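Enquirer: Take a look at query-v9.txt, compact mmCIF, C-alpha atoms and all ligand atoms:
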# COMPACT_ATOMS: atom_id res chain seq x y z
CA MET A 1 0.00 0.00 0.00
CA LYS A 2 1.44 3.37 -1.03
CA HIS A 3 1.56 6.04 1.64
CA HIS A 4 2.00 9.81 1.34
CA ASP A 5 2.19 12.43 4.07
CA VAL A 6 -0.31 14.63 2.25
CA ALA A 7 -2.86 13.61 -0.38
CA ILE A 8 -4.37 16.49 -2.34
CA ILE A 9 -7.50 15.65 -4.30
CA GLY A 10 -7.88 17.89 -7.35
CA GLY A 11 -5.26 19.21 -9.75
CA GLY A 12 -6.91 22.59 -10.37
CA CYS A 13 -5.20 25.89 -9.52
CA VAL A 14 -6.14 25.54 -5.83
CA GLY A 15 -4.85 21.99 -5.35
CA LEU A 16 -1.65 22.64 -7.32
CA SER A 17 -0.95 25.95 -5.59
CA THR A 18 -1.40 24.20 -2.23
CA ALA A 19 1.12 21.55 -3.32
CA LYS A 20 3.55 24.25 -4.49
CA HIS A 21 3.43 26.07 -1.17
CA LEU A 22 3.67 22.83 0.82
CA THR A 23 6.95 22.06 -0.99
CA GLU A 24 8.20 25.52 0.00
CA LEU A 25 7.12 25.24 3.66
CA THR A 26 7.79 21.57 4.48
CA ASP A 27 9.68 18.40 3.54
CA LEU A 28 6.48 16.36 3.45
CA ASP A 29 5.89 13.68 0.83
CA ILE A 30 3.00 15.07 -1.23
CA ALA A 31 0.74 13.53 -3.86
CA VAL A 32 -1.92 15.18 -6.03
CA PHE A 33 -4.75 13.05 -7.44
CA GLU A 34 -6.50 14.38 -10.52
CA LYS A 35 -9.33 12.44 -12.12
CA GLU A 36 -8.78 13.73 -15.65
CA HIS A 37 -5.90 12.68 -17.89
CA HIS A 38 -5.27 16.33 -18.76
CA LEU A 39 -5.18 19.28 -16.40
CA ALA A 40 -7.36 22.42 -16.47
CA GLU A 41 -10.39 20.51 -17.76
CA HIS A 42 -12.76 22.17 -15.30
CA GLN A 43 -13.00 25.57 -13.59
CA SER A 44 -9.29 26.41 -13.68
CA GLY A 45 -9.19 26.08 -17.46
CA ARG A 46 -12.71 27.23 -18.31
CA ASN A 47 -13.03 30.77 -17.00
CA SER A 48 -12.63 34.37 -18.15
CA GLY A 49 -8.94 34.37 -17.24
CA VAL A 50 -9.18 37.77 -15.57
CA LEU A 51 -7.02 38.82 -12.64
CA HIS A 52 -9.32 40.91 -10.46
CA PRO A 53 -7.56 43.30 -8.10
CA GLY A 54 -9.71 43.52 -4.98
CA PHE A 55 -12.08 46.44 -5.66
CA ASN A 56 -15.12 44.14 -5.80
CA TYR A 57 -14.71 42.90 -2.24
CA PRO A 58 -15.26 44.42 1.21
CA PRO A 59 -12.16 45.75 3.00
CA ASN A 60 -10.56 43.34 5.47
CA SER A 61 -12.27 40.34 3.87
CA LYS A 62 -10.20 37.31 2.87
CA LYS A 63 -11.56 37.71 -0.66
CA ALA A 64 -10.20 41.27 -0.91
CA GLN A 65 -6.85 40.32 0.57
CA PHE A 66 -6.40 37.23 -1.63
CA ALA A 67 -7.57 38.99 -4.81
CA THR A 68 -5.35 42.05 -4.39
CA GLU A 69 -2.28 40.07 -3.36
CA GLY A 70 -3.11 37.29 -5.83
CA THR A 71 -3.23 39.69 -8.80
CA ARG A 72 0.24 41.02 -8.04
CA ARG A 73 1.76 37.63 -7.28
CA MET A 74 0.24 35.97 -10.32
CA LYS A 75 1.66 38.65 -12.64
CA GLN A 76 5.13 37.99 -11.24
CA TYR A 77 4.58 34.21 -11.51
CA CYS A 78 3.54 34.59 -15.14
CA ALA A 79 6.60 36.74 -15.90
CA ASP A 80 8.89 34.17 -14.22
CA HIS A 81 7.32 31.20 -16.02
CA ASN A 82 6.65 32.68 -19.46
CA ILE A 83 2.89 32.47 -19.10
CA PRO A 84 0.92 34.90 -21.31
CA CYS A 85 -0.43 37.70 -19.11
CA GLU A 86 -1.46 41.18 -20.30
CA GLU A 87 -2.15 44.06 -17.94
CA PHE A 88 -5.07 45.46 -19.96
CA GLY A 89 -6.99 47.08 -17.10
CA VAL A 90 -10.74 46.79 -16.63
CA LEU A 91 -13.59 49.22 -17.06
CA VAL A 92 -16.65 48.67 -14.83
CA VAL A 93 -19.52 50.53 -16.44
CA ALA A 94 -22.63 51.96 -14.73
CA LYS A 95 -25.75 52.46 -16.82
CA THR A 96 -28.19 53.71 -14.17
CA ASP A 97 -28.11 55.96 -11.11
CA HIS A 98 -28.49 52.89 -8.92
CA GLU A 99 -25.43 51.28 -10.53
CA GLU A 100 -23.53 54.55 -10.22
CA GLU A 101 -24.16 54.50 -6.47
CA HIS A 102 -22.65 51.03 -6.36
CA LEU A 103 -19.60 52.33 -8.27
CA ASP A 104 -19.01 54.62 -5.27
CA VAL A 105 -18.89 51.52 -3.09
CA LEU A 106 -16.41 49.87 -5.47
CA ALA A 107 -14.27 53.03 -5.46
CA SER A 108 -14.16 53.12 -1.66
CA GLN A 109 -13.32 49.41 -1.55
CA ALA A 110 -10.52 49.99 -4.07
CA GLU A 111 -9.22 52.82 -1.88
CA ALA A 112 -9.35 50.71 1.30
CA ASN A 113 -7.84 47.64 -0.35
CA GLY A 114 -4.97 49.58 -1.92
CA VAL A 115 -6.11 49.01 -5.50
CA GLU A 116 -5.37 51.66 -8.14
CA TYR A 117 -8.47 53.12 -9.76
CA GLU A 118 -9.79 56.07 -11.67
CA ARG A 119 -13.39 57.30 -11.58
CA LEU A 120 -14.84 58.27 -14.99
CA ASP A 121 -17.89 60.52 -14.83
CA SER A 122 -19.16 60.70 -18.39
CA CYS A 123 -19.69 58.60 -21.48
CA ALA A 124 -17.00 60.67 -23.25
CA GLU A 125 -14.43 59.67 -20.60
CA ILE A 126 -15.49 56.03 -20.89
CA GLN A 127 -15.02 56.20 -24.63
CA GLU A 128 -11.48 57.50 -24.27
CA HIS A 129 -10.75 53.99 -22.93
CA GLU A 130 -13.30 51.98 -24.86
CA PRO A 131 -14.68 53.82 -27.91
CA HIS A 132 -17.60 51.38 -28.35
CA ALA A 133 -18.77 51.17 -24.72
CA VAL A 134 -21.70 53.21 -23.45
CA GLY A 135 -22.52 54.20 -19.87
CA GLN A 136 -23.01 57.19 -17.57
CA ALA A 137 -20.01 56.52 -15.31
CA ALA A 138 -17.30 53.92 -14.81
CA LEU A 139 -14.50 52.76 -12.62
CA TYR A 140 -11.25 52.01 -14.37
CA ALA A 141 -8.82 49.66 -12.62
CA PRO A 142 -5.52 49.54 -14.52
CA GLU A 143 -4.07 46.59 -12.55
CA ALA A 144 -6.62 44.05 -13.87
CA ALA A 145 -5.03 41.61 -16.26
CA SER A 146 -5.85 38.84 -18.68
CA VAL A 147 -4.01 35.55 -18.21
CA ASP A 148 -3.85 32.18 -19.95
CA SER A 149 -5.22 30.11 -17.09
CA GLN A 150 -4.51 26.74 -18.72
CA GLN A 151 -0.82 27.56 -19.17
CA TYR A 152 -0.75 28.74 -15.55
CA VAL A 153 -2.11 25.38 -14.32
CA TYR A 154 0.45 23.48 -16.39
CA ALA A 155 3.27 25.70 -15.09
CA LEU A 156 2.24 24.93 -11.50
CA ALA A 157 2.14 21.21 -12.35
CA ARG A 158 5.64 21.30 -13.88
CA GLU A 159 6.99 23.19 -10.88
CA ILE A 160 5.62 20.80 -8.26
CA GLN A 161 6.81 17.76 -10.18
CA GLN A 162 10.31 19.26 -10.29
CA ASN A 163 10.00 19.48 -6.50
CA ASP A 164 9.18 15.76 -6.17
CA VAL A 165 5.43 15.97 -5.75
CA SER A 166 3.74 12.87 -7.24
CA LEU A 167 1.04 14.00 -9.66
CA TYR A 168 -1.33 11.15 -10.47
CA THR A 169 -3.51 12.16 -13.42
CA GLY A 170 -6.31 9.83 -14.49
CA HIS A 171 -6.85 8.88 -10.82
CA ALA A 172 -10.41 9.64 -9.76
CA VAL A 173 -10.80 9.43 -6.00
CA GLU A 174 -13.95 7.39 -5.60
CA ARG A 175 -13.96 6.90 -1.87
CA VAL A 176 -12.35 8.58 1.14
CA ARG A 177 -12.33 6.76 4.48
CA LYS A 178 -11.12 8.06 7.81
CA LYS A 179 -8.82 5.57 9.55
CA THR A 180 -7.77 5.64 13.21
CA SER A 181 -4.91 7.74 11.98
CA GLY A 182 -5.06 9.37 8.56
CA TYR A 183 -7.09 8.47 5.47
CA ARG A 184 -7.47 5.69 2.91
CA LEU A 185 -8.31 6.83 -0.61
CA THR A 186 -9.76 4.44 -3.13
CA THR A 187 -9.04 5.77 -6.60
CA SER A 188 -10.05 4.43 -10.00
CA ASN A 189 -6.59 2.77 -10.08
CA SER A 190 -5.39 2.01 -6.58
CA GLU A 191 -5.68 2.38 -2.82
CA ILE A 192 -3.48 4.92 -1.09
CA ASP A 193 -3.00 5.92 2.53
CA ALA A 194 -2.25 9.45 3.60
CA THR A 195 -1.64 11.14 6.93
CA HIS A 196 -3.23 14.44 5.86
CA LEU A 197 -5.85 15.26 3.29
CA VAL A 198 -6.55 18.36 1.23
CA ASN A 199 -9.84 18.14 -0.61
CA ALA A 200 -9.65 20.62 -3.51
CA ALA A 201 -11.95 18.68 -5.82
CA GLY A 202 -13.85 21.71 -7.13
CA LEU A 203 -17.28 20.66 -8.37
CA HIS A 204 -17.08 17.40 -6.40
CA ALA A 205 -15.54 18.68 -3.15
CA ASP A 206 -18.81 18.52 -1.18
CA THR A 207 -19.44 14.87 -2.14
CA LEU A 208 -15.96 13.80 -0.98
CA ALA A 209 -16.14 15.88 2.21
CA GLN A 210 -19.48 14.35 3.12
CA GLN A 211 -17.95 10.84 2.85
CA VAL A 212 -16.01 11.73 5.99
CA GLY A 213 -18.86 13.62 7.66
CA VAL A 214 -17.72 17.15 6.75
CA GLY A 215 -19.82 19.95 5.23
CA GLU A 216 -23.15 18.21 5.55
CA ASP A 217 -25.00 21.54 5.75
CA TYR A 218 -24.01 22.43 2.21
CA GLN A 219 -24.36 21.24 -1.35
CA MET A 220 -22.60 22.27 -4.53
CA ILE A 221 -24.98 23.66 -7.11
CA PRO A 222 -23.42 23.89 -10.57
CA PHE A 223 -23.93 27.15 -12.48
CA ARG A 224 -22.82 27.07 -16.10
CA GLY A 225 -21.26 30.13 -17.66
CA GLU A 226 -21.41 30.25 -21.44
CA TYR A 227 -19.24 32.40 -23.69
CA TYR A 228 -19.48 33.72 -27.21
CA GLU A 229 -16.47 34.85 -29.22
CA VAL A 230 -16.60 38.11 -31.13
CA THR A 231 -15.78 37.53 -34.81
CA PRO A 232 -12.23 38.72 -35.65
CA ASP A 233 -13.48 41.55 -37.93
CA ARG A 234 -15.41 43.07 -34.97
CA SER A 235 -12.91 42.39 -32.17
CA ASP A 236 -12.11 46.13 -32.03
CA VAL A 237 -15.39 46.59 -30.08
CA CYS A 238 -13.35 45.84 -26.96
CA GLN A 239 -9.76 46.97 -26.51
CA THR A 240 -9.33 45.72 -22.95
CA MET A 241 -12.03 44.41 -20.59
CA ILE A 242 -15.52 45.82 -20.09
CA TYR A 243 -17.69 44.73 -17.14
CA PRO A 244 -21.16 45.76 -16.00
CA THR A 245 -21.52 47.09 -12.45
CA PRO A 246 -22.08 43.90 -10.45
CA ASP A 247 -25.24 43.26 -8.46
CA PRO A 248 -24.00 43.05 -4.85
CA GLU A 249 -26.69 40.46 -4.07
CA LEU A 250 -25.25 37.95 -6.55
CA PRO A 251 -21.91 36.13 -6.51
CA PHE A 252 -21.57 36.40 -10.32
CA LEU A 253 -20.16 39.44 -12.09
CA GLY A 254 -22.47 39.51 -15.13
CA VAL A 255 -21.89 39.19 -18.87
CA HIS A 256 -18.69 41.04 -19.72
CA TYR A 257 -16.15 41.48 -22.51
CA THR A 258 -12.65 40.09 -22.09
CA ARG A 259 -9.73 40.50 -24.42
CA ARG A 260 -7.76 37.31 -24.03
CA THR A 261 -4.00 37.05 -24.24
CA ASP A 262 -4.32 35.49 -27.72
CA GLY A 263 -6.15 38.63 -28.94
CA LYS A 264 -9.60 37.00 -29.09
CA VAL A 265 -12.48 38.87 -27.49
CA ILE A 266 -14.95 36.72 -25.57
CA VAL A 267 -18.31 37.77 -24.18
CA GLY A 268 -19.91 36.07 -21.19
CA PRO A 269 -20.45 34.25 -18.98
CA ASN A 270 -24.10 34.00 -18.08
CA ALA A 271 -24.90 31.97 -14.94
CA VAL A 272 -27.44 29.30 -15.70
CA LEU A 273 -28.30 26.31 -13.53
CA ALA A 274 -26.48 23.33 -15.08
CA PHE A 275 -28.32 20.02 -15.15
CA GLY A 276 -25.22 18.23 -13.86
CA ARG A 277 -21.85 19.12 -12.35
CA GLU A 278 -20.12 18.67 -15.69
CA ALA A 279 -23.04 19.47 -18.01
CA TYR A 280 -21.07 21.84 -20.24
CA GLN A 281 -23.65 22.03 -23.04
CA ASN A 282 -27.19 23.28 -22.51
CA THR A 283 -28.37 19.94 -23.90
CA ASP A 284 -26.38 17.90 -21.32
CA ALA A 285 -28.00 16.44 -18.22
CA ASP A 286 -26.91 14.01 -15.53
CA LEU A 287 -30.25 12.77 -14.24
CA SER A 288 -28.98 11.44 -10.94
CA GLU A 289 -27.16 14.72 -10.11
CA LEU A 290 -30.16 16.73 -11.29
CA LYS A 291 -32.40 14.72 -8.97
CA ASP A 292 -30.06 15.52 -6.04
CA ILE A 293 -30.06 19.24 -6.92
CA VAL A 294 -33.84 19.47 -7.13
CA ALA A 295 -34.31 17.43 -3.94
CA TYR A 296 -31.92 19.63 -1.94
CA ASP A 297 -33.72 21.80 0.63
CA GLY A 298 -31.22 24.62 0.17
CA PHE A 299 -31.91 24.71 -3.57
CA GLN A 300 -35.66 24.77 -3.03
CA LYS A 301 -35.27 27.63 -0.53
CA LEU A 302 -33.00 29.49 -2.96
CA LEU A 303 -35.62 29.30 -5.69
CA SER A 304 -38.42 30.30 -3.34
CA SER A 305 -37.05 33.85 -3.49
CA LYS A 306 -38.84 35.81 -6.23
CA THR A 307 -35.64 37.68 -7.07
CA MET A 308 -33.66 34.47 -7.53
CA LEU A 309 -36.42 32.95 -9.61
CA ALA A 310 -36.40 35.99 -11.88
CA VAL A 311 -32.60 35.84 -12.19
CA ALA A 312 -32.74 32.09 -12.93
CA TRP A 313 -35.34 32.66 -15.65
CA SER A 314 -33.39 35.49 -17.24
CA GLU A 315 -30.15 33.45 -17.24
CA LEU A 316 -31.95 30.42 -18.68
CA ASN A 317 -33.19 32.61 -21.51
CA LYS A 318 -29.65 33.82 -22.21
CA SER A 319 -28.62 30.20 -22.55
CA TYR A 320 -31.32 29.02 -24.94
CA ARG A 321 -31.99 32.24 -26.87
CA LYS A 322 -29.03 33.93 -28.49
CA SER A 323 -31.08 37.12 -28.89
CA LYS A 324 -31.30 37.42 -25.08
CA PHE A 325 -27.56 36.88 -24.68
CA THR A 326 -26.93 39.50 -27.37
CA GLU A 327 -29.17 41.96 -25.50
CA ALA A 328 -27.00 41.52 -22.38
CA ALA A 329 -23.89 42.12 -24.51
CA GLN A 330 -25.50 45.20 -26.13
CA ARG A 331 -26.09 46.76 -22.74
CA LEU A 332 -22.37 47.56 -22.60
CA VAL A 333 -21.60 47.80 -26.33
CA PRO A 334 -24.76 48.73 -28.22
CA GLY A 335 -23.08 48.26 -31.61
CA ILE A 336 -22.58 44.51 -31.19
CA ARG A 337 -24.94 42.35 -33.28
CA SER A 338 -25.97 38.75 -33.00
CA ASN A 339 -24.01 37.90 -36.15
CA ASP A 340 -20.83 39.21 -34.53
CA LEU A 341 -21.00 36.49 -31.86
CA ASN A 342 -20.05 32.84 -32.33
CA LYS A 343 -20.73 30.23 -29.65
CA SER A 344 -17.55 29.41 -27.73
CA TYR A 345 -16.64 27.38 -24.64
CA SER A 346 -18.39 27.18 -21.28
CA GLY A 347 -17.33 26.66 -17.68
CA ILE A 348 -19.20 25.50 -14.61
CA ARG A 349 -18.91 27.29 -11.30
CA ALA A 350 -18.87 25.14 -8.16
CA GLN A 351 -21.25 27.33 -6.17
CA LEU A 352 -21.94 26.20 -2.63
CA VAL A 353 -25.49 26.64 -1.36
CA SER A 354 -26.26 26.38 2.35
CA ALA A 355 -29.18 24.37 3.72
CA ASP A 356 -30.81 27.79 4.42
CA GLY A 357 -30.86 28.52 0.71
CA ASP A 358 -28.01 31.07 0.66
CA LEU A 359 -25.48 31.30 -2.14
CA VAL A 360 -22.19 31.23 -0.21
CA LYS A 361 -20.26 34.24 -1.50
CA ASP A 362 -16.97 33.89 0.38
CA PRO A 363 -14.33 31.21 0.05
CA LEU A 364 -15.15 28.42 2.52
CA THR A 365 -12.70 25.88 3.86
CA ILE A 366 -13.40 23.48 6.71
CA GLU A 367 -10.37 22.41 8.69
CA THR A 368 -10.27 19.30 10.88
CA ASP A 369 -7.33 17.83 12.89
CA ASP A 370 -5.79 16.30 9.81
CA ALA A 371 -7.59 17.68 6.75
CA VAL A 372 -8.64 20.81 4.90
CA HIS A 373 -11.75 20.68 2.74
CA VAL A 374 -12.04 23.49 0.21
CA LEU A 375 -15.78 23.71 -0.21
CA ASN A 376 -16.21 27.05 -1.94
CA ALA A 377 -13.32 28.26 -4.09
CA VAL A 378 -15.51 30.85 -5.75
CA SER A 379 -14.46 33.54 -8.19
CA PRO A 380 -11.98 35.16 -8.14
CA GLY A 381 -10.50 31.78 -7.27
CA LEU A 382 -8.02 31.89 -10.14
CA THR A 383 -6.77 35.35 -9.15
CA SER A 384 -6.54 34.30 -5.50
CA SER A 385 -4.97 30.91 -6.07
CA LEU A 386 -1.39 31.73 -5.00
CA PRO A 387 -2.20 33.29 -1.60
CA PHE A 388 -5.15 30.92 -1.09
CA GLY A 389 -2.99 27.85 -1.75
CA GLU A 390 -0.34 29.27 0.57
CA HIS A 391 -2.98 29.77 3.29
CA ILE A 392 -4.10 26.12 2.99
CA ALA A 393 -0.50 24.89 2.94
CA LYS A 394 0.16 26.78 6.20
CA GLN A 395 -2.90 25.15 7.78
CA VAL A 396 -1.58 21.70 6.80
CA SER A 397 1.98 22.45 7.89
CA GLU A 398 0.71 23.40 11.36
CA MET A 399 -1.13 20.10 11.85
CA GLU A 400 0.42 17.64 14.31
C1 LIG B 501 -17.23 30.52 -16.04
C2 LIG B 501 -16.22 30.88 -14.99
C3 LIG B 501 -15.54 32.10 -15.06
C4 LIG B 501 -14.61 32.43 -14.09
N1 LIG B 501 -13.85 33.55 -14.27
C5 LIG B 501 -12.87 33.84 -13.38
C6 LIG B 501 -12.00 34.94 -13.60
O1 LIG B 501 -12.07 35.63 -14.61
N2 LIG B 501 -11.07 35.21 -12.65
C7 LIG B 501 -10.93 34.46 -11.53
O2 LIG B 501 -10.09 34.77 -10.71
N3 LIG B 501 -11.72 33.37 -11.32
C8 LIG B 501 -12.66 33.03 -12.22
N4 LIG B 501 -13.43 31.93 -12.04
C9 LIG B 501 -13.25 31.13 -10.83
C10 LIG B 501 -12.07 30.19 -10.92
O3 LIG B 501 -11.98 29.61 -12.20
C11 LIG B 501 -12.22 29.12 -9.85
O4 LIG B 501 -12.45 29.75 -8.61
C12 LIG B 501 -10.97 28.26 -9.71
O5 LIG B 501 -10.56 27.77 -10.98
C13 LIG B 501 -11.25 27.09 -8.78
O6 LIG B 501 -10.14 26.21 -8.83
P1 LIG B 501 -10.19 24.79 -8.18
O7 LIG B 501 -8.83 24.23 -8.25
O8 LIG B 501 -10.86 24.88 -6.86
O9 LIG B 501 -11.25 23.98 -9.08
P2 LIG B 501 -11.07 23.15 -10.42
O10 LIG B 501 -10.30 23.87 -11.44
O11 LIG B 501 -12.46 22.73 -10.79
O12 LIG B 501 -10.22 21.90 -9.97
C14 LIG B 501 -10.74 20.81 -9.27
C15 LIG B 501 -10.09 19.58 -9.88
O13 LIG B 501 -10.50 18.46 -9.10
C16 LIG B 501 -10.63 17.36 -9.96
N5 LIG B 501 -11.48 16.38 -9.31
C17 LIG B 501 -12.80 16.51 -9.00
N6 LIG B 501 -13.23 15.39 -8.40
C18 LIG B 501 -12.18 14.55 -8.29
C19 LIG B 501 -12.01 13.25 -7.77
N7 LIG B 501 -13.02 12.59 -7.24
N8 LIG B 501 -10.78 12.68 -7.84
C20 LIG B 501 -9.73 13.35 -8.40
N9 LIG B 501 -9.85 14.58 -8.93
C21 LIG B 501 -11.05 15.18 -8.88
C22 LIG B 501 -11.27 17.98 -11.21
O14 LIG B 501 -11.09 17.16 -12.35
C23 LIG B 501 -10.55 19.32 -11.30
O15 LIG B 501 -9.43 19.28 -12.15
C24 LIG B 501 -14.36 31.55 -13.01
C25 LIG B 501 -15.02 30.32 -12.94
C26 LIG B 501 -15.92 29.98 -13.94
C27 LIG B 501 -16.56 28.62 -13.91
Translate the structure of the given file into C-alpha cells.
Ligand SMILES: Cc1cc2nc3c(=O)[nH]c(=O)nc-3n(C[C@H](O)[C@H](O)[C@H](O)COP(=O)(O)OP(=O)(O)OC[C@H]3O[C@@H](n4cnc5c(N)ncnc54)[C@H](O)[C@@H]3O)c2cc1C

Expert:
Amino acid sequence: MKHHDVAIIGGGCVGLSTAKHLTELTDLDIAVFEKEHHLAEHQSGRNSGVLHPGFNYPPNSKKAQFATEGTRRMKQYCADHNIPCEEFGVLVVAKTDHEEEHLDVLASQAEANGVEYERLDSCAEIQEHEPHAVGQAALYAPEAASVDSQQYVYALAREIQQNDVSLYTGHAVERVRKKTSGYRLTTSNSEIDATHLVNAAGLHADTLAQQVGVGEDYQMIPFRGEYYEVTPDRSDVCQTMIYPTPDPELPFLGVHYTRRTDGKVIVGPNAVLAFGREAYQNTDADLSELKDIVAYDGFQKLLSSKTMLAVAWSELNKSYRKSKFTEAAQRLVPGIRSNDLNKSYSGIRAQLVSADGDLVKDPLTIETDDAVHVLNAVSPGLTSSLPFGEHIAKQVSEME
C-alpha cells in the first residue's frame, strides 16, 4: 500500500498551488490526485482568465486580501514562467443611477484595499478607454489583467513535479475513508493511505467531504457560464475588458467582454443552472445529479425567493436564446450584433449553497485535525490561487 504524508485531491489551480506552497514550507511527501488525464479541464481552465484586483470585495475580507495580493503575485509568476499575461486594465460601467451608487462603493473598496483606480464621470471619458462602450459613469482599474489560465495550471504542475510531488492524473478518488490515523483513498486505479488530506476537488468537493462527515450543511450547485467569441473583424469593439456594475446580491459578475492574451475577445459568462456538475452544453444532463439538486432543501429555498427565480429565468433565456444573450452584450456595447457572436466554450462554477438557501459568496474551507476541505473556491479563485494555496499549505503544515 502506497503512503503519502499529504494527499491532495484535485489538480486545479487551488490543489496545485497548495502543493507548491507545501513544498516551500515543508519536507512532506506530497501527492496530487486528478481524475482527468489532462489538467485544467474544469473551472481552472474554463473561465474568463481575468485577474481581479480587490475592488469588488469588502475591506478586510479574505476575498479582498487574496484577490489584491493574488493579482500582483500571479503577474510575477507569469513573468517568471513565461505564461501569457497582459495588464489590460478593466472598465466597470454603470448604466443607471443605482449602478452609479454602487460604483461609489467599489471606489471606496478599491481605496481601502490599496487598489489603483480612476473614476470616470461621463460617457465621453469612458469612450477614451473603450470607444464602443456606453454608460453614464465607470471605474477604471488599470491593474486588472488577462491571463492564460490553462498555461498557468500546467506551469504549476511542472513546478511541483520538479520538487518531487507525485502528480497522479487519471486517478479519480472514488472513496475517502477516515482511519484511526489518517485516510485511505480508493481511486479508479489504486488504494493509497495518507496522513493528511486536502480536498480541492472543485465541483465534487462537497461529495468527498461528506464521505467523511464534513460539510453536511451544504451542497454544490453547478452554475454554467457560457461564452461567445466576437468575430475577428469586430474584435475592435473591446480593446481591454468591459464589465457591468455587479449586483451586490449575486456572486456572479455579469456578462462582460474580455480581451484574451491570444487577442480574441470573448463575451460572457451567463450563470445558468447546469443540469449536472459537468453538463457543459445546454443539452447535457446528468439525471442522478439533477435529482439531487432538485431534492436539496437549500436549492428549493434558494428558488423560493422571487428575485432568484427571476434571475434564474433570465439566465436560462440567455442560454437558450441567443437574442437574449446579445441583449446583455449590447447593454455595454450597443453596436454589437448577434451575427458578430459565435458560440464558444463554457465553464461550470462550483457554487456552494447552504441548507438555508443562501449562495455562499466567500471562500469556505473546513479544517479538521488532519484535513482541509475546500468547499467554496468561488471567483476570483483563479486570481486568488497563489495566496489561497499558501494559506491552505500553512494550515496543513501546522497540523500535528
Ligand atoms: C465561467 C467561470 C468564469 C470564471 N472567471 C474567473 C476569472 O475571470 N477570474 C478568476 O479569478 N476566477 C474566475 N473563475 C473562478 C475560478 O476559475 C475558480 O475559482 C478556480 O478555478 C477554482 O479552482 P479549483 O482548483 O478549486 O477547481 P477546479 O479547477 O475545478 O479543480 C478541481 C479539480 O479536481 C478534480 N477532481 C474533481 N473530483 C475529483 C475526484 N473525485 N478525484 C480526483 N480529482 C477530482 C477535477 O477534475 C478538477 O481538475 C471563473 C469560474 C468559472 C466557472

Enquirer: Could you list, as number ranges by chain, all residues that come within 7 Å of ligand LIG 501 (chain B)? Count only C-alpha atoms and all ligand atoms.

Expert: A: 9-15, 33-36, 39-52, 171-174, 200-205, 224-226, 269, 346-349, 377-384

Enquirer: Could you tell me which of A:His373, A:Lys264, A:His38, A:His196 comes closest to A:Ser344 if we count only C-alpha atoms?

Expert: A:Lys264

Enquirer: Can you tell me which residues surround stretch 389-395 of chain A at a distance of at most 7 Å, considering all atoms listed in the file, apart from same-chain residues fewer than 6 positions away, and format the answer as a PyMOL selection string?

Expert: chain A and resi 14+17-18+21-22

Enquirer: Between A:Glu289, A:Asp104, A:Glu125, A:Glu111, which has the minimum distance to A:Ala64 (counting only C-alpha atoms)?

Expert: A:Glu111

Enquirer: Is it possible to get the residues within 10 Å of (-13.7, 41.7, -34.3) (coordinates as in the file, counting all atoms listed in the file) written as JSON, numbers by chain?

Expert: {"A": [229, 230, 231, 232, 233, 234, 235, 236, 237, 238, 263, 264, 265, 336, 340, 341]}

Enquirer: State, in Å with one decimal place, the distance from atom CA of A:Lys306 to atom CA of A:Ala271.

Expert: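 According to the coordinates, atom CA of A:Lys306 and atom CA of A:Ala271 are separated by 16.9 Å.
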
Enquirer: Around the point (-18.9, 40.1, 0.0) in the file's coordinates, collect all residues with an atom within 12 Å, using all atoms listed in the file, and return them as JSON, numbers by chain.

Expert: {"A": [54, 55, 56, 57, 58, 59, 60, 61, 62, 63, 64, 105, 106, 109, 246, 247, 248, 249, 250, 251, 252, 359, 360, 361, 362, 363, 378, 379, 380]}

Enquirer: One decimal, in Å: what's the spacing between atom CA of A:Lys2 and atom CA of A:Leu386?

Expert: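 Taking atom CA of A:Lys2 as the start and atom CA of A:Leu386 as the end point, the length is 28.8 Å.
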
Enquirer: Kindly give the distance, in Å, that separates atom CA of A:Asp121 and atom CA of A:Glu99, rounded to a single decimal.

Expert: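 Rounded to one decimal, the two atoms are 12.7 Å apart.
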
Enquirer: Quick one: which stretch 187-256 of chain A residues come within 12 Å of stretch 143-155 of chain A, and what is the nearest atom pair for each with the distance in Å to one decimal, counting all atoms listed in the file, rows ordered by chain and ascending number, as a tab-separated table?

Expert:
residue	atom	partner	partner_atom	distance
A:Gln239	CA	A:Ser146	CA	11.9
A:Thr240	CA	A:Ser146	CA	8.8
A:Met241	CA	A:Ser146	CA	8.5
A:Ile242	CA	A:Ala144	CA	11.0
A:Tyr243	CA	A:Ala144	CA	11.6

Enquirer: Could you write stretch 365-373 of chain A as a PDB file, keeping the file's coordinate frame, with N, CA and C atoms rebuilt where they are missing?

Expert:
ATOM      1  N   THR A 365     -13.455  27.111   3.627  1.00  0.00           N
ATOM      2  CA  THR A 365     -12.700  25.880   3.860  1.00  0.00           C
ATOM      3  C   THR A 365     -13.097  25.373   5.237  1.00  0.00           C
ATOM      4  N   ILE A 366     -13.144  24.055   5.382  1.00  0.00           N
ATOM      5  CA  ILE A 366     -13.400  23.480   6.710  1.00  0.00           C
ATOM      6  C   ILE A 366     -12.155  22.674   7.085  1.00  0.00           C
ATOM      7  N   GLU A 367     -11.604  23.038   8.243  1.00  0.00           N
ATOM      8  CA  GLU A 367     -10.370  22.410   8.690  1.00  0.00           C
ATOM      9  C   GLU A 367     -10.687  21.441   9.818  1.00  0.00           C
ATOM     10  N   THR A 368     -10.153  20.232   9.758  1.00  0.00           N
ATOM     11  CA  THR A 368     -10.270  19.300  10.880  1.00  0.00           C
ATOM     12  C   THR A 368      -8.851  19.070  11.421  1.00  0.00           C
ATOM     13  N   ASP A 369      -8.674  18.086  12.314  1.00  0.00           N
ATOM     14  CA  ASP A 369      -7.330  17.830  12.890  1.00  0.00           C
ATOM     15  C   ASP A 369      -6.296  17.509  11.819  1.00  0.00           C
ATOM     16  N   ASP A 370      -6.759  16.824  10.781  1.00  0.00           N
ATOM     17  CA  ASP A 370      -5.790  16.300   9.810  1.00  0.00           C
ATOM     18  C   ASP A 370      -6.212  16.522   8.354  1.00  0.00           C
ATOM     19  N   ALA A 371      -7.139  17.457   8.135  1.00  0.00           N
ATOM     20  CA  ALA A 371      -7.590  17.680   6.750  1.00  0.00           C
ATOM     21  C   ALA A 371      -8.081  19.102   6.551  1.00  0.00           C
ATOM     22  N   VAL A 372      -7.996  19.544   5.285  1.00  0.00           N
ATOM     23  CA  VAL A 372      -8.640  20.810   4.900  1.00  0.00           C
ATOM     24  C   VAL A 372      -9.540  20.503   3.705  1.00  0.00           C
ATOM     25  N   HIS A 373     -10.804  20.865   3.833  1.00  0.00           N
ATOM     26  CA  HIS A 373     -11.750  20.680   2.740  1.00  0.00           C
ATOM     27  C   HIS A 373     -12.072  22.046   2.146  1.00  0.00           C
TER      28      HIS A 373
END
